[in-house]
Amino acid sequence: PASANSVAAIVCAMDAGIGGMEFCNLMEGAHLKPEYLAKNAFHQIPLYEDSEGYCVAESTAILRHIATNYAPSLYPSTPQGKAMVDWAMDLMSGTIYDVLAVKVFYPVFDFAAPPEDQKAENAACLDLLAKYEQAFLSNGKKFVAGNSISIAEYKAVPLLYACMQPSVEKKTGFKMPARFVKYVEDARKEMKNAAFMENAGGYSIKEYAASKA
């Protein structure tokens with residue numbers, strides 16, 4: 001539950017009313033056990049498994065699967081709308097994640113070593129977020145798909161929320177832009193199970209970040 005990628009899929013599944021989390025302890029190598037590898041040979045989290053044993057991995061693939069089959073209101077109905085949401089998610093899981101996660105909150109969470117030049121990485125993050133805002137949150141748009149939440153928010157918010165934690169700002173000097181603080185607040189209000197980011201038996205994003213203060 002301290003994994004932003006996992007939280008994206010878990011909260012979406014909980015909000016859609018189709019299930020919840022099954023804990024996978026990476027520190028103990030649970031993702032490398034034969035029974036897990038039989039479901040995902042790439043040994044990554046998150047992994048979605050339905051009641052019939054169907055499995056799919058990668059958070060964006062899981063989000064699309066949930067929205068398409070169980071929560072259509074979270075995925076625009078038009079091809080252009082879907083493409084915009086897909087674009088936002090792919091950027092957040094690739095170009096932005098590689099800097100905002102790996103160079104900012106990962107080192108604080110002890111998921112990666114600190115970068116050689118934290119100030120430079122912070123500046124790179126702010127530049128990417130400014131471009132993301134221009135591309136997806138400009139012209140009065142509240143969310144990527146307009147005024148309604150979509151799976152783009154389920155993908156983005158856990159990552160942004162992790163980088164907003166006091167321990168992250170204290171240790172890295174990274175401060176989330178006000179537009180994104182508001183974006184996270186607005187999106188979390190629309191997520192029925194947003195509290196999972198705050199309280200998960202000591203392993204939520206908020207709890208885990210606090211333990212690293």
# chains A, B, ... in the order shown; residues from 1 in each chain; ligands from 1
>>> residues_around(residues="A:Tyr75", least_positions_apart="6", cutoff="10 Å", atoms="only C-alpha atoms", output="list in words")
Leu63, Arg64, Ile66, Ala67, Thr68, Gly81, Lys82, Ala83, Val85, Asp86, Ala145, Ser148, Ile149, Ser150, Ile151 and Ala152 of chain A
>>> residues_around(residues="stretch 31-48 of chain A", least_positions_apart="5", cutoff="10 Å", atoms="only C-alpha atoms", output="MDAnalysis selection string")
chainID A and resid 1 3:10 13 19:22 24:26 53:63 65:66
>>> select_by_dssp(residues="stretch 86-177 of chain A", states="alpha helix (DSSP H)", output="PyMOL selection string")
chain A and resi 86-93+97-100+106-108+118-136+151-163+166-172
>>> atom_distance(atom1="atom CA of A:Ile205", atom2="atom CA of A:Ala2")
4.5 Å
>>> atom_distance(atom1="atom CA of A:Tyr203", atom2="atom CA of A:Lys119")
28.2 Å
>>> closest_residue(among="A:Leu137, A:Ala124, A:Ala71, A:Val168", to="A:Tyr97", atoms="only C-alpha atoms")
A:Ala124
>>> closest_residue(among="A:Asp117, A:Tyr132, A:Lys141, A:Ala210", to="A:Ala162", atoms="only C-alpha atoms")
A:Ala210
>>> closest_residue(among="A:Ala209, A:Val102, A:Ala194, A:Ile96", to="A:Met164", atoms="only C-alpha atoms")
A:Ala209
>>> select_by_dssp(residues="stretch 15-153 of chain A", states="strand (DSSP E)", output="PyMOL selection string")
chain A and resi 47-49+55-57
>>> write_last_selection(atoms="C-alpha atoms", output="compact mmCIF listing (two decimals), in the first residue's frame")
# COMPACT_ATOMS: atom_id res chain seq x y z
CA LEU A 47 -1.31 -7.66 -10.04
CA TYR A 48 -5.06 -7.89 -10.55
CA GLU A 49 -6.81 -11.26 -10.22
CA CYS A 55 -4.87 -12.00 -14.11
CA VAL A 56 -3.50 -8.78 -15.54
CA ALA A 57 -0.57 -6.66 -14.37
>>> closest_residue(among="A:Ala16, A:Ala200, A:Tyr161, A:Ser167", to="A:Lys182", atoms="only C-alpha atoms")
A:Tyr161
>>> residues_around(residues="A:Phe136", least_positions_apart="6", cutoff="8 Å", atoms="only C-alpha atoms", output="list in words")
Met84, Ala88, Phe143 and Val144 of chain A
>>> atom_distance(atom1="atom CA of A:Ala195", atom2="atom CA of A:Tyr154")
13.1 Å
>>> decode(residues="stretch 123-134 of chain A", atoms="N, CA and C atoms", output="PDB file, in the first residue's frame")
ATOM      1  N   ALA A 123      13.888  20.614 -10.126  1.00  0.00           N
ATOM      2  CA  ALA A 123      13.585  21.543 -11.214  1.00  0.00           C
ATOM      3  C   ALA A 123      13.009  20.807 -12.422  1.00  0.00           C
ATOM      4  N   ALA A 124      13.552  19.634 -12.699  1.00  0.00           N
ATOM      5  CA  ALA A 124      13.051  18.835 -13.814  1.00  0.00           C
ATOM      6  C   ALA A 124      11.614  18.393 -13.556  1.00  0.00           C
ATOM      7  N   CYS A 125      11.312  18.044 -12.299  1.00  0.00           N
ATOM      8  CA  CYS A 125       9.950  17.649 -11.932  1.00  0.00           C
ATOM      9  C   CYS A 125       8.979  18.806 -12.143  1.00  0.00           C
ATOM     10  N   LEU A 126       9.359  19.983 -11.689  1.00  0.00           N
ATOM     11  CA  LEU A 126       8.491  21.150 -11.821  1.00  0.00           C
ATOM     12  C   LEU A 126       8.237  21.488 -13.286  1.00  0.00           C
ATOM     13  N   ASP A 127       9.251  21.317 -14.119  1.00  0.00           N
ATOM     14  CA  ASP A 127       9.095  21.571 -15.547  1.00  0.00           C
ATOM     15  C   ASP A 127       8.109  20.585 -16.171  1.00  0.00           C
ATOM     16  N   LEU A 128       8.221  19.315 -15.805  1.00  0.00           N
ATOM     17  CA  LEU A 128       7.310  18.299 -16.334  1.00  0.00           C
ATOM     18  C   LEU A 128       5.881  18.537 -15.867  1.00  0.00           C
ATOM     19  N   LEU A 129       5.727  18.907 -14.611  1.00  0.00           N
ATOM     20  CA  LEU A 129       4.384  19.153 -14.091  1.00  0.00           C
ATOM     21  C   LEU A 129       3.753  20.372 -14.751  1.00  0.00           C
ATOM     22  N   ALA A 130       4.553  21.386 -15.036  1.00  0.00           N
ATOM     23  CA  ALA A 130       4.033  22.562 -15.731  1.00  0.00           C
ATOM     24  C   ALA A 130       3.524  22.186 -17.119  1.00  0.00           C
ATOM     25  N   LYS A 131       4.249  21.312 -17.797  1.00  0.00           N
ATOM     26  CA  LYS A 131       3.831  20.859 -19.125  1.00  0.00           C
ATOM     27  C   LYS A 131       2.581  19.986 -19.035  1.00  0.00           C
ATOM     28  N   TYR A 132       2.505  19.161 -17.989  1.00  0.00           N
ATOM     29  CA  TYR A 132       1.327  18.319 -17.775  1.00  0.00           C
ATOM     30  C   TYR A 132       0.096  19.200 -17.538  1.00  0.00           C
ATOM     31  N   GLU A 133       0.270  20.234 -16.725  1.00  0.00           N
ATOM     32  CA  GLU A 133      -0.838  21.157 -16.459  1.00  0.00           C
ATOM     33  C   GLU A 133      -1.299  21.825 -17.747  1.00  0.00           C
ATOM     34  N   GLN A 134      -0.363  22.258 -18.559  1.00  0.00           N
ATOM     35  CA  GLN A 134      -0.716  22.918 -19.813  1.00  0.00           C
ATOM     36  C   GLN A 134      -1.457  21.972 -20.751  1.00  0.00           C
TER      37      GLN A 134
END
